[in-house]
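Here is the structure we will look at, set down as structure tokens.
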Amino acid sequence: MKPKLILIGIVALILSSCAKKEEPLQKLTFLRTSGHYMVNETNDTILLRGIGLGNWLLPEGYMWHFGETGDRPRKIEKIVEDLTSPEFSQKFWKEFRKNYITEADIKRIKELGYNSVRPALNARVFMTEGDTAVLIEENFALLDSLIGWCDKHQLYVILDMHGAPGGQTGQNIDDSPNNEPELFMNPVFEHRLTRLWMKLVERYKDNPVVAGYDLLNEPLPENTGAAEKYKHLLVPMYKRLTEQIRTIDQKHMIILEGYNWSNNWSEFTEVFDNNVVHQFHYYCWSNPDNLNDISYFLQERERLGTPVWVGETGERNPVIYFGTTQYFEYNNVGWSFWPWKKINNRQVLYSVKEPEGYDKIVEYSKGGEKPSKELAEKVFTQLLENIKIENCDFLEHISQSILRQVPARVYAVNYGHEGAGFSFWVKDSINAEYYRTNEPVKTVLLPADTTKRWQNQDIAILLNDEEGTLYNVFATNDFNAIVTLKVKANQPNSDFSFSVNGKVNQFSVPDTSWTELKVENAKFITGKNTLKTEVSDGSVSFLHFDVEKK
């Protein structure tokens, strides 16, 4: 052991010295697949924990709060132009793309603890439409800059074809021109998609910062009938694209999504390349919250023998964010949070402030009165400033939840995933009614807060005597904290203990109303920390534990 400890000390000293000089600690190397894992060139397992760069190169109407007339990029562009002028609109979008994602955004993503980004690409930004499609060289520079920043700050990049030529969904999310998945209806669009991918591959084939090529985002939804008509064309298209890519690039991972918003993998009957990742998307939108099961994708991983990855997750609340990333990582599934920024939104890491008068633009997108050109130009000009990261509101609790970091609120339903006897111990074998419905820790739905519109209901866990739960949270430094427990005795004079890293604190709850109890001097250490509840007498419900630095 002693030689190993000495070596670690020397390495730490070297790394510290490098850090002071602000030199990169280690250059990124190419990622590849190895069984169920992604590994780098030194065979280290890499779990991608990333951020989706939505709304940058493919603006989405819901992120702007726009109505149907502004539900996709081409319609948003039309609104800007109709309210201002073609000249103003052209300048606006150039500045928008320049300001929305900058090196400051990439530096911040790295500082917060993420290791990758997934930019959503719209083919129309890089290739003109019409009878003769022409590549738009100047806009490839946007990706060059992004990849350069990510190289500097050590983040991998997953290139995501979010909006393919003609559209792969026939919906607003891919900037579909005619509400049809024309990519699968007209060979000219596949030809253009191949041209675009080959342009990207030629540009980045020797760049290890690019982790992989996500060939199509969320193709062919079922609810429109598109999947039934065209799903048999999806994998053959993937094969043709991959064959073309492999003529000049044998190094990068190929990332494949199933049909129906990425999540139906029934068409994947074989693995046709030795460096393939299969991707699904994961959103929990039920009310009350439910931690959706991922066993289907884990079973498919066994069948296919490839890594699986969550290309999008998010759009909800801190309870779900903590629960989902913990669930994924326990099962060796990497993820990318969607998205980094939105306009006036509290579900993301950075919220863009609405300029004064922005509500008039929103109303116009929903059929309201047309605002004046003067007002519109003023609003859009201010928006170009507001989208810069330094002018946005940082929602720290969102990032803390995604990464399960403290200080933050830890929800009692988010105990670990190691299973019975490890993360929980309960006597009843009947699965819970809410949230984690494939496990037997009893859950209790609290009454809804009727003063808040769309407020999701809180869910507590209920533990009886000799039952308990275990939690893992992470800290970026050592600190002392006050931990406030929100609890309720279900029987008068119930007793329980709450431990922080093995230090036990005993409590007695005399009455049956919700109350807050405090651990006054809890010590948290850099890295993983363990919280533990255990009821010794009676019955106690636990809602959450607030960890605050002293």
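In the structure tokens, chains take the letters A, B, ... in the order shown, each chain's residues start at 1, and ligands count up from 1 in the order shown.
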### Message
Excluding stretch 87-96 of chain A and its own-chain neighbours fewer than 3 positions away, which residues fall within 10 Å of it when counting only C-alpha atoms? Please give them as a ChimeraX atom specification.
### Response
/A:56-57,77-84,99-101,139,377,380-381,383-385,387-388
### Message
So that I can check the surroundings of stretch 45-54 of chain A, please list as number ranges by chain every protein, DNA and RNA residue that reaches within 7 Å of it, counting only C-alpha atoms and ignoring chain neighbours fewer than 2 positions away.
### Response
A: 37-40, 43, 56, 58, 114-120, 334-340
Select from stretch 435-534 of chain A every residue with an atom at most 12 Å from any atom of stretch 313-324 of chain A, then for each give the shortest pair of atoms and their distance in Å to one decimal, using only C-alpha atoms, rows by chain and rising number, as a Markdown table.
| residue | atom | partner | partner_atom | distance |
| --- | --- | --- | --- | --- |
| A:Tyr435 | CA | A:Ile320 | CA | 9.3 |
| A:Arg436 | CA | A:Gly323 | CA | 9.5 |
| A:Trp454 | CA | A:Arg316 | CA | 11.5 |
| A:Gln455 | CA | A:Asn317 | CA | 10.5 |
| A:Asn456 | CA | A:Asn317 | CA | 9.1 |
| A:Gln457 | CA | A:Val319 | CA | 11.1 |
| A:Asp458 | CA | A:Val319 | CA | 9.3 |
| A:Ile459 | CA | A:Val319 | CA | 9.6 |
| A:Ala460 | CA | A:Val319 | CA | 11.4 |
| A:Tyr471 | CA | A:Gly323 | CA | 11.1 |
| A:Asn472 | CA | A:Phe322 | CA | 10.7 |
| A:Val473 | CA | A:Phe322 | CA | 9.7 |
| A:Phe474 | CA | A:Phe322 | CA | 11.6 |
### Task
Skip A:Asn179 itself and residues of its chain fewer than 5 positions away, then list as JSON, numbers by chain all residues within 10 Å of it, counting only C-alpha atoms.
{"A": [166, 167, 168, 169, 170, 171, 172, 174, 224]}
### Query
Running DSSP on the backbone, which parts of stretch 361-504 of chain A land in helix (DSSP H, G or I), as a VMD selection string?
chain A and resid 361 to 365 373 to 386 389 to 391 396 to 403
### Message
Using DSSP assignments from the backbone, pull out every residue in stretch 186-338 of chain A that falls under strand (DSSP E) and give it to me as a ChimeraX atom specification.
### Response
/A:210-214,253-257,276-282,308-314,334-338
Atoms to include: N, CA and C atoms. Write the selected residues as an mmCIF file, in the first residue's frame.
data_model
loop_
_atom_site.group_PDB
_atom_site.id
_atom_site.type_symbol
_atom_site.label_atom_id
_atom_site.label_comp_id
_atom_site.auth_asym_id
_atom_site.auth_seq_id
_atom_site.Cartn_x
_atom_site.Cartn_y
_atom_site.Cartn_z
ATOM 1 N N VAL A 210 -15.027 15.414 -30.337
ATOM 2 C CA VAL A 210 -16.335 14.930 -30.787
ATOM 3 C C VAL A 210 -16.471 13.472 -30.341
ATOM 4 N N ALA A 211 -17.422 13.217 -29.460
ATOM 5 C CA ALA A 211 -17.595 11.860 -28.926
ATOM 6 C C ALA A 211 -18.293 10.950 -29.915
ATOM 7 N N GLY A 212 -19.251 11.494 -30.660
ATOM 8 C CA GLY A 212 -19.990 10.644 -31.575
ATOM 9 C C GLY A 212 -20.981 11.416 -32.404
ATOM 10 N N TYR A 213 -21.560 10.714 -33.364
ATOM 11 C CA TYR A 213 -22.513 11.276 -34.300
ATOM 12 C C TYR A 213 -23.904 10.708 -34.012
ATOM 13 N N ASP A 214 -24.802 11.545 -33.518
ATOM 14 C CA ASP A 214 -26.195 11.171 -33.238
ATOM 15 C C ASP A 214 -26.977 11.408 -34.523
ATOM 16 N N MET A 253 -17.914 7.165 -32.503
ATOM 17 C CA MET A 253 -19.097 6.363 -32.199
ATOM 18 C C MET A 253 -20.278 6.824 -33.042
ATOM 19 N N ILE A 254 -21.081 5.879 -33.479
ATOM 20 C CA ILE A 254 -22.342 6.146 -34.156
ATOM 21 C C ILE A 254 -23.457 5.960 -33.129
ATOM 22 N N ILE A 255 -24.308 6.969 -32.987
ATOM 23 C CA ILE A 255 -25.359 6.944 -31.965
ATOM 24 C C ILE A 255 -26.712 6.854 -32.666
ATOM 25 N N LEU A 256 -27.479 5.834 -32.299
ATOM 26 C CA LEU A 256 -28.739 5.538 -32.975
ATOM 27 C C LEU A 256 -29.912 5.669 -32.013
ATOM 28 N N GLU A 257 -30.957 6.357 -32.447
ATOM 29 C CA GLU A 257 -32.186 6.490 -31.662
ATOM 30 C C GLU A 257 -33.297 5.663 -32.303
ATOM 31 N N VAL A 276 -21.164 1.279 -31.967
ATOM 32 C CA VAL A 276 -22.516 1.837 -31.942
ATOM 33 C C VAL A 276 -23.006 2.001 -30.505
ATOM 34 N N VAL A 277 -23.691 3.120 -30.262
ATOM 35 C CA VAL A 277 -24.402 3.391 -29.002
ATOM 36 C C VAL A 277 -25.879 3.524 -29.336
ATOM 37 N N HIS A 278 -26.748 2.945 -28.516
ATOM 38 C CA HIS A 278 -28.186 3.130 -28.689
ATOM 39 C C HIS A 278 -28.688 4.120 -27.637
ATOM 40 N N GLN A 279 -29.517 5.040 -28.099
ATOM 41 C CA GLN A 279 -29.949 6.167 -27.260
ATOM 42 C C GLN A 279 -31.462 6.147 -27.045
ATOM 43 N N PHE A 280 -31.875 6.471 -25.812
ATOM 44 C CA PHE A 280 -33.285 6.724 -25.536
ATOM 45 C C PHE A 280 -33.428 8.061 -24.830
ATOM 46 N N HIS A 281 -34.656 8.571 -24.794
ATOM 47 C CA HIS A 281 -34.964 9.826 -24.108
ATOM 48 C C HIS A 281 -35.916 9.537 -22.964
ATOM 49 N N TYR A 282 -35.780 10.311 -21.894
ATOM 50 C CA TYR A 282 -36.464 9.966 -20.651
ATOM 51 C C TYR A 282 -37.059 11.219 -20.024
ATOM 52 N N VAL A 308 -25.917 1.965 -23.762
ATOM 53 C CA VAL A 308 -27.116 2.777 -23.970
ATOM 54 C C VAL A 308 -26.901 4.107 -23.257
ATOM 55 N N TRP A 309 -27.534 5.129 -23.785
ATOM 56 C CA TRP A 309 -27.308 6.493 -23.289
ATOM 57 C C TRP A 309 -28.603 7.274 -23.375
ATOM 58 N N VAL A 310 -28.841 8.124 -22.386
ATOM 59 C CA VAL A 310 -30.019 8.986 -22.369
ATOM 60 C C VAL A 310 -29.633 10.325 -22.989
ATOM 61 N N GLY A 311 -30.061 10.547 -24.219
ATOM 62 C CA GLY A 311 -29.692 11.775 -24.907
ATOM 63 C C GLY A 311 -30.439 13.000 -24.422
ATOM 64 N N GLU A 312 -31.604 12.786 -23.797
ATOM 65 C CA GLU A 312 -32.374 13.902 -23.243
ATOM 66 C C GLU A 312 -33.099 13.438 -21.996
ATOM 67 N N THR A 313 -33.021 14.255 -20.953
ATOM 68 C CA THR A 313 -33.829 14.094 -19.756
ATOM 69 C C THR A 313 -33.953 15.465 -19.113
ATOM 70 N N GLY A 314 -35.042 15.719 -18.413
ATOM 71 C CA GLY A 314 -35.230 17.038 -17.808
ATOM 72 C C GLY A 314 -36.668 17.482 -17.883
ATOM 73 N N GLY A 334 -25.224 6.758 -19.019
ATOM 74 C CA GLY A 334 -24.945 8.187 -19.044
ATOM 75 C C GLY A 334 -26.159 8.973 -19.503
ATOM 76 N N TRP A 335 -26.078 10.297 -19.430
ATOM 77 C CA TRP A 335 -27.262 11.118 -19.690
ATOM 78 C C TRP A 335 -26.847 12.533 -20.121
ATOM 79 N N SER A 336 -27.806 13.226 -20.706
ATOM 80 C CA SER A 336 -27.630 14.631 -21.071
ATOM 81 C C SER A 336 -28.896 15.390 -20.689
ATOM 82 N N PHE A 337 -28.738 16.410 -19.859
ATOM 83 C CA PHE A 337 -29.880 17.186 -19.357
ATOM 84 C C PHE A 337 -30.341 18.171 -20.423
ATOM 85 N N TRP A 338 -31.650 18.256 -20.611
ATOM 86 C CA TRP A 338 -32.241 19.120 -21.643
ATOM 87 C C TRP A 338 -33.116 20.185 -21.010
#
### Task
One decimal, Å: what's the distance from atom CA of A:Ile76 over to atom CA of A:Pro59, could you say?
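Going from atom CA of A:Ile76 over to atom CA of A:Pro59 covers 7.7 Å.
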### Query
Near stretch 230-236 of chain A, within 9 Å and counting only C-alpha atoms, which residues show up once chain neighbours fewer than 6 positions away are dropped, as number ranges by chain?
A: 181, 184-185, 219-220, 256, 258-259, 267-268
Residues at most 9 Å from A:Leu193, counting only C-alpha atoms, excluding those fewer than 3 positions away in the same chain, as a compact mmCIF listing (two decimals) with all heavy atoms, in the first residue's frame?
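File out-v4.txt, as written:
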# COMPACT_ATOMS: atom_id res chain seq x y z
N ALA A 123 -30.49 21.28 -39.85
CA ALA A 123 -29.84 21.19 -41.16
C ALA A 123 -29.94 22.51 -41.91
O ALA A 123 -29.01 22.88 -42.65
CB ALA A 123 -30.49 20.06 -41.97
N ALA A 164 -33.40 17.23 -39.45
CA ALA A 164 -32.81 16.73 -40.69
C ALA A 164 -33.47 17.39 -41.90
O ALA A 164 -34.59 17.92 -41.80
CB ALA A 164 -32.98 15.21 -40.76
N PRO A 165 -32.83 17.37 -43.06
CA PRO A 165 -33.48 17.89 -44.27
C PRO A 165 -34.83 17.21 -44.50
O PRO A 165 -34.94 15.99 -44.44
CB PRO A 165 -32.48 17.52 -45.38
CG PRO A 165 -31.16 17.45 -44.68
CD PRO A 165 -31.46 16.90 -43.32
N LEU A 183 -38.13 13.34 -44.89
CA LEU A 183 -36.85 12.65 -45.02
C LEU A 183 -37.06 11.22 -45.52
O LEU A 183 -36.23 10.69 -46.26
CB LEU A 183 -36.13 12.64 -43.66
CG LEU A 183 -34.83 11.83 -43.59
CD1 LEU A 183 -33.76 12.44 -44.48
CD2 LEU A 183 -34.34 11.73 -42.14
N VAL A 188 -34.39 12.66 -52.19
CA VAL A 188 -33.53 13.83 -52.25
C VAL A 188 -33.13 14.29 -50.85
O VAL A 188 -32.01 14.79 -50.64
CB VAL A 188 -34.21 14.98 -53.04
CG1 VAL A 188 -35.36 15.61 -52.25
CG2 VAL A 188 -33.18 16.07 -53.39
N PHE A 189 -34.02 14.10 -49.86
CA PHE A 189 -33.70 14.56 -48.51
C PHE A 189 -32.68 13.64 -47.83
O PHE A 189 -31.82 14.12 -47.09
CB PHE A 189 -34.98 14.68 -47.68
CG PHE A 189 -35.88 15.79 -48.15
CD1 PHE A 189 -37.17 15.53 -48.58
CD2 PHE A 189 -35.43 17.09 -48.17
CE1 PHE A 189 -37.99 16.54 -49.03
CE2 PHE A 189 -36.25 18.13 -48.61
CZ PHE A 189 -37.54 17.85 -49.05
N GLU A 190 -32.76 12.35 -48.08
CA GLU A 190 -31.71 11.47 -47.56
C GLU A 190 -30.36 11.82 -48.19
O GLU A 190 -29.33 11.80 -47.52
CB GLU A 190 -32.03 10.00 -47.80
CG GLU A 190 -30.95 9.08 -47.22
CD GLU A 190 -31.21 7.61 -47.43
OE1 GLU A 190 -32.34 7.22 -47.81
OE2 GLU A 190 -30.26 6.81 -47.22
N LEU A 196 -24.69 16.38 -45.69
CA LEU A 196 -24.43 17.18 -44.49
C LEU A 196 -23.59 16.40 -43.50
O LEU A 196 -22.61 16.92 -42.94
CB LEU A 196 -25.75 17.64 -43.87
CG LEU A 196 -25.64 18.50 -42.61
CD1 LEU A 196 -24.71 19.68 -42.81
CD2 LEU A 196 -27.03 18.97 -42.17
N TRP A 197 -23.97 15.14 -43.26
CA TRP A 197 -23.18 14.34 -42.32
C TRP A 197 -21.75 14.17 -42.82
O TRP A 197 -20.79 14.25 -42.05
CB TRP A 197 -23.83 12.99 -42.07
CG TRP A 197 -24.73 12.98 -40.86
CD1 TRP A 197 -26.05 12.66 -40.81
CD2 TRP A 197 -24.35 13.30 -39.52
NE1 TRP A 197 -26.53 12.78 -39.52
CE2 TRP A 197 -25.51 13.17 -38.71
CE3 TRP A 197 -23.17 13.70 -38.91
CZ2 TRP A 197 -25.50 13.41 -37.34
CZ3 TRP A 197 -23.16 13.95 -37.53
CH2 TRP A 197 -24.31 13.81 -36.77
N MET A 198 -21.59 13.94 -44.10
CA MET A 198 -20.23 13.75 -44.63
C MET A 198 -19.40 15.03 -44.51
O MET A 198 -18.19 14.98 -44.29
CB MET A 198 -20.30 13.27 -46.07
CG MET A 198 -20.88 11.86 -46.22
SD MET A 198 -19.99 10.61 -45.25
CE MET A 198 -18.51 10.43 -46.23
N LEU A 241 -26.11 5.53 -43.96
CA LEU A 241 -25.35 6.66 -43.41
C LEU A 241 -24.05 6.18 -42.77
O LEU A 241 -22.99 6.78 -42.98
CB LEU A 241 -26.19 7.42 -42.38
CG LEU A 241 -27.26 8.37 -42.91
CD1 LEU A 241 -28.18 8.80 -41.78
CD2 LEU A 241 -26.63 9.58 -43.57
### Message
Rounded to one decimal, what separation in Å do you get between atom CA of A:Asp449 and atom CA of A:Asp511?
### Response
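Atom CA of A:Asp511 lies 22.8 Å from atom CA of A:Asp449.
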### Between atom CA of A:Ser365 and atom CA of A:Gly67, distance in Å (one decimal)
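Computed distance, atom CA of A:Ser365 to atom CA of A:Gly67, equals 5.1 Å.
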Quick one: everything within 7 Å of A:Thr469, counting only C-alpha atoms, minus sequence neighbours fewer than 3 positions away in the same chain. Send it as a short mmCIF file (atom, residue, chain, number, x, y, z; two decimals) with C-alpha atoms, in the first residue's frame.
data_model
loop_
_atom_site.label_atom_id
_atom_site.label_comp_id
_atom_site.auth_asym_id
_atom_site.auth_seq_id
_atom_site.Cartn_x
_atom_site.Cartn_y
_atom_site.Cartn_z
CA TYR A 415 -33.03 6.91 -1.44
CA SER A 423 -30.68 1.38 0.26
CA PHE A 424 -33.83 0.50 2.18
CA TRP A 425 -35.09 -2.04 4.67
CA LYS A 532 -29.54 7.42 6.85
CA THR A 533 -32.98 7.33 8.43
CA GLU A 534 -34.15 4.61 10.79
#
